[in-house]
Amino acid sequence: MAFSSPAPSSCSLAVSTLSCILLLLLGSSDAQLSTNFYSKTCPNVFTTVKSQVQAAINKEARMGASLLRLFFHDCFVNGCDGSILLDDTSTFTGEKNAVPNKNSARGFDVVDNIKSAVENVCPGVVSCADLLAITARDSVAILGGPSWNVKLGRRDAKTASQSAANNGIPPPTSNLNNLISFFQNVGLSTRDMVALSGSHTIGQARCTSFRARIYNETNLDSSLAQTRQSNCPRTAGSGDNNLAPLDLQSPTKFDNNYYKNLLQNRGLLHSDQQLFNGGSTDSLVRTYGSNPSTFNSDFTAAMIKMGDIKPLTGSSGEIRKNCRKTN
């Protein structure tokens, strides 16, 4: 009986131990993101990005939520690869006009400004995918939320998928089981899902996203329903893009009021209130509503985990010069 040959990935005795270690290190390093990825190649990346994010939020406080949302919508569609930033062309259909993004995703001009500023200090080094990750962290921190060390080293996709965006991003009509499944599909737990939903402590939603809830659902505080109905007509096509804050109390402050609202049936979206509606996540909503530090630490951990979804590393993808188009 012949002996089987060693697997290609194993180190044979003919290879020196040192070479073997180097091969293993090289083989694994491509897939690793690290917090100091640009420490030598672009040491000023963090200060450069933060000053741009700060300026954008000073101009419009809502922009922090919009930038955070871009990172979510990027990572949930084939991983955190900057694909959401690609414009449609005559020969290419991107993700910007997918149902979850059309007339909704925003902040692309701010990302352009951030990219330009970073290109000025270290041209051709930092990916658009990584800029979204840094920008999301800075937006949360600037609006009063926690900060964290962002893992970097992602590269930019050369393609995008409108169908994946249509099918991969949880719609506001989702029930609890749907939400759990959407997050599980990208490797995130139910706890991650409830923590990340807390990003709805900032930002605005369009009337079309909550119309059915404010007119048809009973697990909604009646005074909030009345308030929202005043700016969101029952008839579809009328006032569809009228905005309302997801967190009425502090729409431009990152805090745990989102969960306190849910405890009082004051979640604006159907999908929000599903987290506290007699189901498996009720206890976690109570925990986050009474323990802001627990929410902050779980949110931070979930953001880092989300940032690890299927990054392009090593020689995959590219470093775009312009976030809106491939090189």
# chains A, B, ... in the order shown; residues from 1 in each chain; ligands from 1
>>> residues_around(residues="stretch 233-239 of chain A", least_positions_apart="2", cutoff="8 Å", atoms="only C-alpha atoms", output="list of chain:residue names")
A:Cys207, A:Thr208, A:Arg211, A:Tyr215, A:Gln229, A:Ser230, A:Asn231, A:Asn241, A:Asn242
>>> residues_around(residues="A:Asn327", least_positions_apart="3", cutoff="12 Å", atoms="only C-alpha atoms", output="number ranges by chain")
A: 86, 124, 127, 156-159, 317-324
>>> closest_atom_pairs(of="stretch 206-253 of chain A", to="stretch 59-83 of chain A", cutoff="12 Å", atoms="only C-alpha atoms", output="CSV")
residue,atom,partner,partner_atom,distance
A:Leu243,CA,A:Arg62,CA,11.3
A:Ala244,CA,A:Arg62,CA,11.4
A:Pro245,CA,A:Arg62,CA,9.6
A:Leu246,CA,A:Ala65,CA,10.5
A:Asp247,CA,A:Ala65,CA,11.7
A:Ser250,CA,A:Arg62,CA,11.4
A:Pro251,CA,A:Arg62,CA,8.0
A:Thr252,CA,A:Ala61,CA,6.1
A:Lys253,CA,A:Ala61,CA,9.0
>>> residues_around(residues="A:Val126", least_positions_apart="3", cutoff="9 Å", atoms="only C-alpha atoms", output="list in words")
Tyr38, Thr41, Cys42, Val45, Lys115, Val118, Glu119, Cys122, Pro123, Ala129, Asp130, Leu131, Gly153, Arg154, Arg155, Ile319 and Arg320 of chain A
>>> atom_distance(atom1="atom CA of A:Asp240", atom2="atom CA of A:Asn101")
14.5 Å
>>> select_by_dssp(residues="stretch 184-285 of chain A", states="strand (DSSP E or B)", output="list in words")
Gln204, Ala205, Arg206, Leu243, Ala244 and Pro245 of chain A
>>> residues_around(residues="A:Ala302", least_positions_apart="5", cutoff="10 Å", atoms="only C-alpha atoms", output="ChimeraX atom specification")
/A:188-189,191-196,296-297,307-308
>>> closest_residue(among="A:Val99, A:Leu248, A:Met306, A:Val49", to="A:Pro171", atoms="only C-alpha atoms")
A:Val99
